[in-house]
Amino acid sequence: MTRRKYWQAINDALREELARDERVVLFGEDVGAPGGPFGATKGLFDEFGPVRVRDTPISEAAFTGMAVGSAMAGLRPVVEIMFLDFLPLALDQLANQAAKTCYLSMGHYSVPLTLRTMCGAHLGAGPQHSQNLEAWPASVPGLKVVWGGTPADAKGLLKSAVRDPDPVVVIESAGLWSARGDVPDDPDHVVPLGEAAIRTPGTDVTLACWGGMVPRADAAAAALAEDGISVEVLDLRTLLPMDSARILASVAATGRLVVAQDATGPGSVGSDVIRIVATQGFGSLRTAPELVTPPFAPVPFPPSLAQAYFPQESEIVAAVRRVMSKETVVA
């Protein structure tokens, strides 16, 4: 194990996959000599050259389309879209082409494309660079969507995405960019796609979360433990396909569910977690689930308003206390 920052773990994953497989290539705005807008590709241009690490024009649709074509031709492209907010600019290439090619070709073509993008929440970047839009790609058949909440998972999920035969969207957290954590040194350290992880075992409440919410969920669980409330923190890690079995098993053991997310509530991943439990695990519930979200409004620019906008540890603690205070209402 080595202590690495979140962004360094991503950089390590890219370097190791470029060295392991000569079919891996990187595309994106400023990913070459500048080392990426946030340093994730730092040093890779010098190490692997301009053919495998190349800057592109500012056209997300064009370079994502280039990546789809190169994947169909045998390469394993990794494209970077600077902010998750810019994903709609490439959505036709991603949702209508990359995600559908295997189906439309009756399996004759696959698209081993990895699309990396950053969620700028907690960066103070305002309403067009801070949105949590993970539900958009997570609603498209043919895609996989992952989001690491620790440096080790950010690295392991990215490496799994690069090695996967199908298109994978990898979301990274600006708010965790400088967070440190233990990262396995094994160059074959991968995190299987589709598997959630129990961050903290517990017996009273299941607290589901992912990505940048994970540290706040861990902190909330630690605070509640001091009052004798045992919270199981379940980090989904893969949002599509979701690990329904582990979600249902956790709720079956605790009987209570709180979902905490930085995305707004309507049509969200958290809504889908509750749908899964309500339709497949209703008999396990002792009380109605809670969904902790920001208000249904754009992300504000001023730091004080942004702090108030995104759910904090105190709001998660309050939600857990509410479900604990209710008597059994689900028969």
# chains A, B, ... in the order shown; residues from 1 in each chain; ligands from 1
>>> closest_atom_pairs(of="segment 121-208 of chain A", to="segment 79-96 of chain A", cutoff="10 Å", atoms="only C-alpha atoms", output="JSON lines")
{"residue": "A:Ala121", "atom": "CA", "partner": "A:Leu84", "partner_atom": "CA", "distance": 9.9}
{"residue": "A:Pro127", "atom": "CA", "partner": "A:Asp85", "partner_atom": "CA", "distance": 9.0}
{"residue": "A:Gln128", "atom": "CA", "partner": "A:Asp85", "partner_atom": "CA", "distance": 6.2}
{"residue": "A:His129", "atom": "CA", "partner": "A:Asp85", "partner_atom": "CA", "distance": 5.7}
{"residue": "A:Ser130", "atom": "CA", "partner": "A:Asp85", "partner_atom": "CA", "distance": 7.1}
{"residue": "A:Gln131", "atom": "CA", "partner": "A:Asp85", "partner_atom": "CA", "distance": 6.1}
{"residue": "A:Asn132", "atom": "CA", "partner": "A:Leu84", "partner_atom": "CA", "distance": 7.4}
{"residue": "A:Leu133", "atom": "CA", "partner": "A:Leu84", "partner_atom": "CA", "distance": 6.7}
{"residue": "A:Glu134", "atom": "CA", "partner": "A:Leu84", "partner_atom": "CA", "distance": 8.0}
{"residue": "A:Trp136", "atom": "CA", "partner": "A:Pro88", "partner_atom": "CA", "distance": 9.0}
{"residue": "A:Pro137", "atom": "CA", "partner": "A:Ala95", "partner_atom": "CA", "distance": 7.5}
{"residue": "A:Ser139", "atom": "CA", "partner": "A:Ala95", "partner_atom": "CA", "distance": 9.6}
{"residue": "A:Val140", "atom": "CA", "partner": "A:Ala95", "partner_atom": "CA", "distance": 6.4}
{"residue": "A:Pro141", "atom": "CA", "partner": "A:Ala95", "partner_atom": "CA", "distance": 8.3}
{"residue": "A:Gly142", "atom": "CA", "partner": "A:Ala95", "partner_atom": "CA", "distance": 8.1}
{"residue": "A:Leu143", "atom": "CA", "partner": "A:Ala95", "partner_atom": "CA", "distance": 7.8}
{"residue": "A:Pro167", "atom": "CA", "partner": "A:Leu94", "partner_atom": "CA", "distance": 8.2}
{"residue": "A:Val168", "atom": "CA", "partner": "A:Leu94", "partner_atom": "CA", "distance": 9.7}
{"residue": "A:Val169", "atom": "CA", "partner": "A:Leu94", "partner_atom": "CA", "distance": 9.2}
{"residue": "A:Val170", "atom": "CA", "partner": "A:Glu80", "partner_atom": "CA", "distance": 9.5}
{"residue": "A:Ile171", "atom": "CA", "partner": "A:Leu84", "partner_atom": "CA", "distance": 7.6}
{"residue": "A:Glu172", "atom": "CA", "partner": "A:Leu84", "partner_atom": "CA", "distance": 9.0}
{"residue": "A:Ser173", "atom": "CA", "partner": "A:Leu84", "partner_atom": "CA", "distance": 10.0}
{"residue": "A:Ala174", "atom": "CA", "partner": "A:Phe83", "partner_atom": "CA", "distance": 9.4}
>>> write_last_selection(atoms="C-alpha atoms", output="compact mmCIF listing (two decimals), in the first residue's frame")
# COMPACT_ATOMS: atom_id res chain seq x y z
CA ALA A 121 -19.38 19.71 -6.91
CA PRO A 127 -24.27 26.07 -11.77
CA GLN A 128 -22.67 24.97 -15.06
CA HIS A 129 -19.63 23.13 -13.61
CA SER A 130 -20.96 21.53 -10.42
CA GLN A 131 -23.98 19.49 -11.41
CA ASN A 132 -24.34 15.87 -10.33
CA LEU A 133 -25.74 14.46 -13.56
CA GLU A 134 -24.83 10.80 -12.97
CA TRP A 136 -28.22 10.65 -17.19
CA PRO A 137 -25.66 8.03 -18.31
CA SER A 139 -30.29 5.46 -17.51
CA VAL A 140 -28.79 4.31 -20.83
CA PRO A 141 -28.82 0.57 -21.69
CA GLY A 142 -25.44 -0.50 -23.00
CA LEU A 143 -23.37 1.70 -20.69
CA PRO A 167 -18.25 1.55 -22.93
CA VAL A 168 -17.82 2.69 -19.33
CA VAL A 169 -18.38 6.19 -17.92
CA VAL A 170 -15.98 6.92 -15.06
CA ILE A 171 -16.96 9.87 -12.86
CA GLU A 172 -14.35 11.46 -10.59
CA SER A 173 -14.86 13.88 -7.71
CA ALA A 174 -13.36 17.36 -7.68
>>> closest_atom_pairs(of="segment 210-313 of chain A", to="segment 317-326 of chain A", cutoff="9 Å", atoms="only C-alpha atoms", output="CSV")
residue,atom,partner,partner_atom,distance
A:Ala217,CA,A:Val317,CA,8.7
A:Ala220,CA,A:Val317,CA,5.6
A:Ala221,CA,A:Val317,CA,7.7
A:Ala223,CA,A:Val317,CA,7.8
A:Leu224,CA,A:Val317,CA,6.8
A:Ile229,CA,A:Met324,CA,8.5
A:Val231,CA,A:Val320,CA,8.4
A:Arg256,CA,A:Val323,CA,6.9
A:Leu257,CA,A:Val323,CA,7.8
A:Val258,CA,A:Val320,CA,6.6
A:Arg286,CA,A:Lys326,CA,8.7
A:Thr287,CA,A:Val323,CA,6.5
A:Ala288,CA,A:Val323,CA,7.3
A:Pro289,CA,A:Val323,CA,7.3
A:Glu290,CA,A:Ala319,CA,6.6
A:Leu291,CA,A:Ala319,CA,8.2
A:Val292,CA,A:Ala319,CA,7.2
A:Gln312,CA,A:Val317,CA,8.9
A:Glu313,CA,A:Val317,CA,6.2
>>> residues_around(residues="Gly124 of chain A", least_positions_apart="4", cutoff="7 Å", atoms="only C-alpha atoms", output="MDAnalysis selection string")
chainID A and resid 301 303 306
>>> closest_atom_pairs(of="segment 97-142 of chain A", to="segment 53-74 of chain A", cutoff="7 Å", atoms="only C-alpha atoms", output="CSV")
residue,atom,partner,partner_atom,distance
A:Ala98,CA,A:Val68,CA,5.9
A:Tyr109,CA,A:Met72,CA,6.3
A:Ser110,CA,A:Met72,CA,6.2
A:Val111,CA,A:Ala71,CA,5.2
A:Pro112,CA,A:Ala71,CA,5.7
A:Leu113,CA,A:Ala71,CA,6.1
>>> write_last_selection(atoms="N, CA, C and O atoms", output="PDB file, in the first residue's frame")
ATOM      1  N   ALA A  98     -22.003   4.614 -29.052  1.00  0.00           N
ATOM      2  CA  ALA A  98     -21.182   3.687 -28.257  1.00  0.00           C
ATOM      3  C   ALA A  98     -22.032   2.650 -27.533  1.00  0.00           C
ATOM      4  O   ALA A  98     -21.714   1.455 -27.520  1.00  0.00           O
ATOM      5  N   TYR A 109     -19.498  -6.088 -33.234  1.00  0.00           N
ATOM      6  CA  TYR A 109     -18.596  -5.008 -32.838  1.00  0.00           C
ATOM      7  C   TYR A 109     -18.807  -4.691 -31.361  1.00  0.00           C
ATOM      8  O   TYR A 109     -19.941  -4.653 -30.883  1.00  0.00           O
ATOM      9  N   SER A 110     -17.726  -4.456 -30.663  1.00  0.00           N
ATOM     10  CA  SER A 110     -17.812  -3.939 -29.304  1.00  0.00           C
ATOM     11  C   SER A 110     -17.128  -2.579 -29.281  1.00  0.00           C
ATOM     12  O   SER A 110     -16.369  -2.236 -30.192  1.00  0.00           O
ATOM     13  N   VAL A 111     -17.400  -1.811 -28.248  1.00  0.00           N
ATOM     14  CA  VAL A 111     -16.816  -0.476 -28.122  1.00  0.00           C
ATOM     15  C   VAL A 111     -16.139  -0.380 -26.749  1.00  0.00           C
ATOM     16  O   VAL A 111     -16.748   0.073 -25.774  1.00  0.00           O
ATOM     17  N   PRO A 112     -14.888  -0.814 -26.655  1.00  0.00           N
ATOM     18  CA  PRO A 112     -14.170  -0.744 -25.377  1.00  0.00           C
ATOM     19  C   PRO A 112     -13.672   0.679 -25.099  1.00  0.00           C
ATOM     20  O   PRO A 112     -12.476   0.953 -25.101  1.00  0.00           O
ATOM     21  N   LEU A 113     -14.619   1.562 -24.852  1.00  0.00           N
ATOM     22  CA  LEU A 113     -14.344   2.994 -24.651  1.00  0.00           C
ATOM     23  C   LEU A 113     -14.490   3.338 -23.176  1.00  0.00           C
ATOM     24  O   LEU A 113     -15.483   2.967 -22.545  1.00  0.00           O
TER      25      LEU A 113
END
>>> select_by_dssp(residues="segment 16-144 of chain A", states="strand (DSSP E or B)", output="list in words")
Val24, Val25, Leu26, Phe27, Gly28, Val53, Arg54, Asp55, Arg76, Pro77, Val78, Val79, Glu80, Ile81, Thr114, Leu115, Arg116, Thr117, Met118, Cys119 and Lys144 of chain A
>>> residues_around(residues="Pro187 of chain A", least_positions_apart="5", cutoff="10 Å", atoms="only C-alpha atoms", output="list in words")
Asp12, Ala13, Arg15, Glu16, Glu17, Arg20, Gly156 and Lys159 of chain A
>>> closest_residue(among="A:Val31, A:Leu75, A:Val191, A:Val146", to="Met242 of chain A", atoms="only C-alpha atoms")
A:Val146
>>> atom_distance(atom1="atom CA of Leu18 of chain A", atom2="atom CA of Asp185 of chain A")
16.3 Å
